[in-house]
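Asks: Provided below: protein.txt, containing compact mmCIF, C-alpha atoms and all ligand atoms.
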```txt
# COMPACT_ATOMS: atom_id res chain seq x y z
CA MET Q 237 67.92 110.95 22.98
CA ALA Q 238 69.64 109.55 26.05
CA ILE Q 239 71.32 106.15 26.36
CA ILE Q 240 71.91 105.40 30.01
CA LYS Q 241 74.19 102.64 31.28
CA TYR Q 242 74.17 101.83 34.99
CA LEU Q 243 77.59 101.17 36.46
CA GLY Q 244 76.34 100.34 39.96
CA HIS Q 245 76.02 102.57 43.06
CA SER Q 246 75.45 106.17 41.81
CA ALA Q 247 77.59 105.82 38.69
CA PHE Q 248 76.11 106.25 35.22
CA GLU Q 249 77.54 106.46 31.74
CA ILE Q 250 75.24 108.46 29.47
CA THR Q 251 75.22 109.38 25.82
CA LEU Q 252 73.12 112.50 25.43
CA THR Q 253 72.36 114.57 22.36
CA GLY Q 254 73.85 117.98 23.14
CA LEU Q 255 72.33 121.39 22.44
CA ASP Q 256 74.39 121.51 19.23
CA GLY Q 257 72.99 118.15 18.06
CA SER Q 258 76.24 116.25 18.58
CA GLU Q 259 76.52 113.22 20.86
CA LYS Q 260 78.03 113.91 24.26
CA ASN Q 261 79.46 111.10 26.35
CA ILE Q 262 79.20 111.82 30.02
CA LEU Q 263 79.88 110.08 33.30
CA ILE Q 264 78.24 110.93 36.60
CA ASP Q 265 79.88 110.00 39.92
CA PRO Q 266 82.14 107.39 38.29
CA TRP Q 267 83.13 105.16 41.17
CA VAL Q 268 83.70 102.32 38.73
CA GLU Q 269 85.61 100.27 41.30
CA ASN Q 270 82.38 99.70 43.25
CA PRO Q 271 81.71 96.03 44.10
CA LEU Q 272 78.88 95.73 41.53
CA SER Q 273 80.55 97.59 38.67
CA PRO Q 274 80.54 95.96 35.22
CA VAL Q 275 83.53 98.08 34.06
CA LYS Q 276 87.11 98.87 35.07
CA VAL Q 277 89.05 102.13 34.93
CA SER Q 278 91.27 100.71 32.18
CA ASP Q 279 88.19 100.12 29.97
CA TYR Q 280 88.11 103.90 29.44
CA LYS Q 281 91.46 103.95 27.69
CA ASN Q 282 90.93 105.38 24.18
CA ARG Q 283 87.26 106.05 24.90
CA LYS Q 284 85.66 109.41 24.17
CA VAL Q 285 84.32 110.97 27.35
CA ASP Q 286 83.43 114.67 27.19
CA TYR Q 287 82.40 115.48 30.74
CA ILE Q 288 82.57 113.83 34.15
CA PHE Q 289 80.10 115.24 36.65
CA VAL Q 290 80.99 114.84 40.32
CA THR Q 291 78.25 115.63 42.86
CA HIS Q 292 80.52 115.64 45.95
CA ASP Q 293 83.90 114.43 47.05
CA HIS Q 294 83.04 111.28 49.03
CA GLY Q 295 85.05 108.36 47.73
CA ASP Q 296 81.99 106.56 46.38
CA HIS Q 297 81.21 109.55 44.08
CA LEU Q 298 84.47 111.32 43.20
CA GLY Q 299 85.53 107.70 42.81
CA ASN Q 300 87.75 107.17 39.77
CA ALA Q 301 86.96 110.53 38.17
CA ILE Q 302 90.55 111.80 38.16
CA GLU Q 303 92.01 108.60 36.66
CA ILE Q 304 89.31 108.41 33.98
CA ALA Q 305 89.75 112.11 33.14
CA LYS Q 306 93.48 111.47 32.69
CA LEU Q 307 92.79 108.49 30.40
CA THR Q 308 90.16 110.24 28.28
CA GLY Q 309 90.82 113.98 28.48
CA ALA Q 310 87.30 114.50 29.85
CA LYS Q 311 86.60 117.69 31.77
CA ILE Q 312 85.46 117.31 35.36
CA VAL Q 313 82.43 119.44 36.19
CA GLY Q 314 81.57 120.19 39.80
CA ILE Q 315 81.49 122.69 42.58
CA PHE Q 316 84.40 125.16 42.79
CA GLU Q 317 86.44 123.20 45.37
CA ILE Q 318 86.19 119.89 43.49
CA ALA Q 319 87.08 121.57 40.19
CA LEU Q 320 90.08 123.18 41.89
CA TYR Q 321 91.16 119.79 43.28
CA ALA Q 322 90.88 118.30 39.78
CA LYS Q 323 93.10 121.09 38.39
CA GLU Q 324 95.66 120.41 41.12
CA GLN Q 325 95.66 116.78 39.97
CA GLY Q 326 96.44 117.94 36.43
CA VAL Q 327 92.96 117.46 35.02
CA GLU Q 328 90.90 120.01 33.10
CA SER Q 329 87.80 121.07 34.95
CA ILE Q 330 84.83 123.41 34.88
CA ASP Q 331 83.94 124.97 38.20
CA GLY Q 332 80.53 126.23 39.21
CA ASN Q 333 78.36 126.59 42.22
CA ILE Q 334 74.81 125.92 43.28
CA GLY Q 335 71.90 127.70 41.69
CA GLY Q 336 72.52 129.03 38.19
CA ARG Q 337 73.21 127.83 34.71
CA LEU Q 338 76.84 126.99 33.97
CA LYS Q 339 77.99 128.34 30.67
CA ILE Q 340 78.96 125.14 28.95
CA ASP Q 341 78.55 125.40 25.17
CA ASP Q 342 76.85 122.14 24.36
CA LEU Q 343 74.84 121.36 27.51
CA ASP Q 344 72.72 123.30 29.99
CA VAL Q 345 74.01 122.41 33.45
CA VAL Q 346 72.78 123.55 36.87
CA LEU Q 347 74.25 122.38 40.17
CA THR Q 348 71.47 121.88 42.71
CA PRO Q 349 71.50 121.67 46.51
CA ALA Q 350 71.79 118.35 48.32
CA THR Q 351 71.30 117.84 52.05
CA HIS Q 352 74.44 115.84 52.79
CA SER Q 353 78.10 116.48 53.69
CA SER Q 354 81.32 116.90 51.77
CA THR Q 355 84.89 117.91 52.61
CA ARG Q 356 85.60 119.88 49.43
CA GLY Q 357 82.86 122.46 48.95
CA ALA Q 358 79.16 121.75 49.41
CA PRO Q 359 77.45 118.57 48.24
CA THR Q 360 75.33 118.97 45.10
CA GLY Q 361 73.00 117.33 42.67
CA VAL Q 362 73.11 118.16 38.98
CA VAL Q 363 70.58 118.96 36.27
CA ILE Q 364 71.86 118.28 32.75
CA ARG Q 365 69.81 119.33 29.74
CA GLY Q 366 70.71 118.30 26.23
CA LYS Q 367 68.80 119.04 23.03
CA ASP Q 368 65.61 117.22 24.01
CA ILE Q 369 66.14 115.43 27.34
CA THR Q 370 66.69 116.76 30.85
CA LEU Q 371 68.32 114.63 33.54
CA TYR Q 372 68.46 115.24 37.28
CA HIS Q 373 70.99 113.26 39.32
CA ALA Q 374 70.33 114.00 42.98
CA GLY Q 375 73.75 112.94 44.28
CA ASP Q 376 73.63 111.84 47.91
CA THR Q 377 70.83 113.65 49.66
CA GLY Q 378 68.08 113.55 52.18
CA LEU Q 379 64.63 114.68 51.14
CA PHE Q 380 64.19 118.44 50.92
CA MET Q 381 61.26 120.59 49.95
CA GLU Q 382 63.10 122.54 47.20
CA MET Q 383 63.06 119.40 45.09
CA SER Q 384 59.67 120.71 43.99
CA LEU Q 385 61.43 123.80 42.55
CA ILE Q 386 63.84 121.56 40.65
CA GLY Q 387 60.77 119.84 39.21
CA GLU Q 388 58.98 123.07 38.43
CA LEU Q 389 61.91 124.93 36.87
CA TYR Q 390 63.79 122.20 34.99
CA MET Q 391 61.09 119.57 34.43
CA PRO Q 392 63.48 116.62 34.33
CA ASP Q 393 62.46 113.71 32.13
CA ILE Q 394 64.57 111.34 34.19
CA ALA Q 395 65.46 111.62 37.88
CA PHE Q 396 68.21 109.48 39.44
CA LEU Q 397 67.44 109.14 43.15
CA PRO Q 398 69.20 107.42 46.05
CA ILE Q 399 66.99 104.88 47.84
CA GLY Q 400 69.42 103.01 50.11
CA GLY Q 401 68.78 104.90 53.35
CA HIS Q 402 71.37 105.30 56.14
CA TYR Q 403 73.43 107.97 54.29
CA THR Q 404 70.67 109.23 51.99
CA MET Q 405 66.94 109.04 51.41
CA GLY Q 406 65.41 105.62 51.82
CA ILE Q 407 62.49 104.24 49.84
CA ARG Q 408 59.81 106.22 51.65
CA GLU Q 409 61.64 109.54 51.28
CA ALA Q 410 62.67 108.89 47.69
CA ALA Q 411 59.04 108.10 46.77
CA LYS Q 412 58.07 111.47 48.26
CA ALA Q 413 60.89 113.07 46.24
CA VAL Q 414 59.29 111.70 43.07
CA GLN Q 415 56.03 113.40 44.06
CA LEU Q 416 57.91 116.71 44.40
CA ILE Q 417 60.01 116.40 41.22
CA ARG Q 418 57.41 114.76 38.97
CA PRO Q 419 59.82 113.26 36.41
CA LYS Q 420 58.57 110.94 33.66
CA ILE Q 421 61.05 108.28 34.75
CA ALA Q 422 62.73 107.65 38.10
CA ILE Q 423 65.83 105.46 38.32
CA PRO Q 424 66.85 104.26 41.80
CA MET Q 425 70.52 104.31 42.78
CA HIS Q 426 72.83 104.15 45.83
CA TYR Q 427 71.49 100.84 47.17
CA ASN Q 428 72.77 97.27 47.70
CA THR Q 429 76.41 98.25 47.17
CA PHE Q 430 77.21 97.47 50.81
CA PRO Q 431 75.21 96.20 53.82
CA PRO Q 432 74.00 99.48 55.42
CA ILE Q 433 72.29 100.56 52.19
CA ARG Q 434 70.34 97.38 51.41
CA ALA Q 435 67.01 98.25 49.80
CA ASP Q 436 64.52 96.58 47.49
CA PRO Q 437 64.06 98.65 44.32
CA GLU Q 438 60.85 96.72 43.54
CA GLU Q 439 59.34 98.12 46.74
CA PHE Q 440 60.30 101.64 45.58
CA LYS Q 441 58.76 100.96 42.17
CA LYS Q 442 55.48 99.73 43.69
CA LEU Q 443 55.18 102.71 46.00
CA VAL Q 444 56.00 105.31 43.33
CA GLU Q 445 53.76 103.81 40.69
CA LYS Q 446 50.89 103.63 43.19
CA GLN Q 447 51.31 107.27 44.22
CA THR Q 448 52.36 109.01 40.99
CA PRO Q 449 52.22 108.69 37.17
CA THR Q 450 56.05 108.39 37.12
CA LYS Q 451 57.46 105.12 35.81
CA VAL Q 452 60.30 103.54 37.77
CA VAL Q 453 63.01 101.89 35.70
CA ILE Q 454 65.18 99.49 37.72
CA LEU Q 455 68.58 98.92 36.16
CA LYS Q 456 70.98 96.17 37.15
CA PRO Q 457 74.64 97.16 36.94
CA GLY Q 458 75.59 96.81 33.27
CA ASP Q 459 72.00 97.39 32.04
CA THR Q 460 71.30 100.05 29.43
CA PHE Q 461 68.12 102.10 29.11
CA THR Q 462 67.35 104.24 26.08
CA TYR Q 463 64.95 107.17 26.34
CA PRO Q 464 62.64 107.91 24.67
NI NI T 1 78.22 110.96 50.17
MN MN T 2 77.44 108.04 48.70
```
What is this structure when it is put down as structure tokens?
Ligand code: NI
Ligand code: MN
Replies:
Amino acid sequence: MAIIKYLGHSAFEITLTGLDGSEKNILIDPWVENPLSPVKVSDYKNRKVDYIFVTHDHGDHLGNAIEIAKLTGAKIVGIFEIALYAKEQGVESIDGNIGGRLKIDDLDVVLTPATHSSTRGAPTGVVIRGKDITLYHAGDTGLFMEMSLIGELYMPDIAFLPIGGHYTMGIREAAKAVQLIRPKIAIPMHYNTFPPIRADPEEFKKLVEKQTPTKVVILKPGDTFTYP
């Protein structure tokens, strides 16, 4: 099972049943100081967070990862250079790189390519598989053809895709991404946080549901979605 809470922008808090059957609390791209966020960094004090996944080091993704890791003891998982940076900040981390399974005991994790930029290492997306659910968070990315391989190999149940345009895919590209990935559920992200990335998620939903069997779930910051 997966319980997904949207924290605004590309930030999600997810409880996922791990490979060992235990509940894992994870954060992805926890920029919890984003203008739409329903939570604050200090809310994580005394909370159990196992892993914090960081797709790339832009401020709206690396966000508050270091502070939250310090408050919770969570391990930061990301590409080599981000993991190294986390260690330098005194935080435990797991480094990896694009393309193969990371050996994490209780989750199957693969860092995927993203067509974007980053100062520390390459930008990534991440596939996270627990006991019965597979998630794909695309990070910041343009559309790229290999998304079809991500769909074919990892068969994500839920894909988190940027739709805001300007820095990432817009609605048209993200709808095409859904066709390539073929997830059961698509959740739009990285829109309406600031003016250049204004987008209407309802328009994305209409387009995707017209073109594909995928269901689009629109979450408002603070909303929770449980799957299945
Ligand atoms: Ni970025
Ligand atoms: Mn971004």
Asks: Enumerate as a ChimeraX atom specification the residues within 9 Å of ligand NI 1 (chain T), counting only C-alpha atoms and all ligand atoms.
Replies: /Q:291-297,352-354,359,375-377,403-404
Asks: List the neighbours of Ala395 of chain Q out to 7 Å using all atoms listed in the file; skip same-chain residues closer than 2 positions along the sequence, and give me the result as a list in words.
Replies: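 So the residues in contact are Leu371, Tyr372, His373, Pro392, Asp393, Leu397, Pro419, Ile421, Ala422 and Ile423 of chain Q.
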Asks: As an exercise, work out the distance from atom CA of Lys311 of chain Q to atom CA of Lys420 of chain Q in Å and give it to one decimal place.
Replies: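 Computing it gives 28.9 Å between the two atoms.
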Asks: Go ahead and fit an axis-aligned box to every listed atom of segment 361-364 of chain Q plus 4 Å each side, and pass me the centre and edge lengths in Å, one decimal, as JSON.
Replies:
```
{"center_x": 71.8, "center_y": 118.1, "center_z": 37.7, "size_x": 10.5, "size_y": 9.6, "size_z": 17.9}
```
Asks: For each of Q:Lys281, Q:Gly387, Q:Pro424, Q:Glu324, take the minimum atom-to-atom distance to Pro457 of chain Q, counting only C-alpha atoms, then give the residue where this is smallest.
Replies: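 Among the listed residues, Q:Pro424 lies closest to Pro457 of chain Q.
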Asks: May I ask which of the residues Q:Ala238, Q:Leu255, Q:Ile288, Q:Ala310 is the closest one to Val362 of chain Q, counting only C-alpha atoms?
Replies: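 Of Q:Ala238, Q:Leu255, Q:Ile288, Q:Ala310, the one nearest Val362 of chain Q, counting only C-alpha atoms, is Q:Ile288.
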Asks: Measuring between only C-alpha atoms and all ligand atoms, which one of Q:Lys451, Q:Lys441, Q:His245, Q:Lys276 shows the shortest distance to ligand MN 2 (chain T)?
Replies: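 Using only C-alpha atoms and all ligand atoms, the shortest distance to ligand MN 2 (chain T) belongs to Q:His245.
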Asks: For atom CA of Gly336 of chain Q and atom CA of Ile364 of chain Q, quote the distance in Å rounded to one decimal.
Replies: 12.1 Å
Asks: Would you kindly identify which residues have an atom no farther than 12 Å from (49.4, 108.9, 48.0), using only C-alpha atoms and the file's own coordinates, and write them out as a PyMOL selection string?
Replies: chain Q and resi 408+411-412+414-415+442-449
Asks: From the list Q:Val313, Q:Ala350, Q:Ile407, Q:Ile262, which residue is nearest ligand MN 2 (chain T) when using all atoms listed in the file?
Replies: Q:Ala350
Asks: Between atom CA of Tyr427 of chain Q and atom CA of Ala247 of chain Q, what is the distance, to one decimal in Å?
Replies: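 Between these atoms lies a distance of 11.6 Å.
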Asks: Between Q:Pro349, Q:Gly357, Q:Pro464, Q:Gly366, single out the one closest to Ala319 of chain Q, counting all atoms listed in the file.
Replies: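 Checking each of Q:Pro349, Q:Gly357, Q:Pro464, Q:Gly366 against Ala319 of chain Q, counting all atoms listed in the file, the winner is Q:Gly357.
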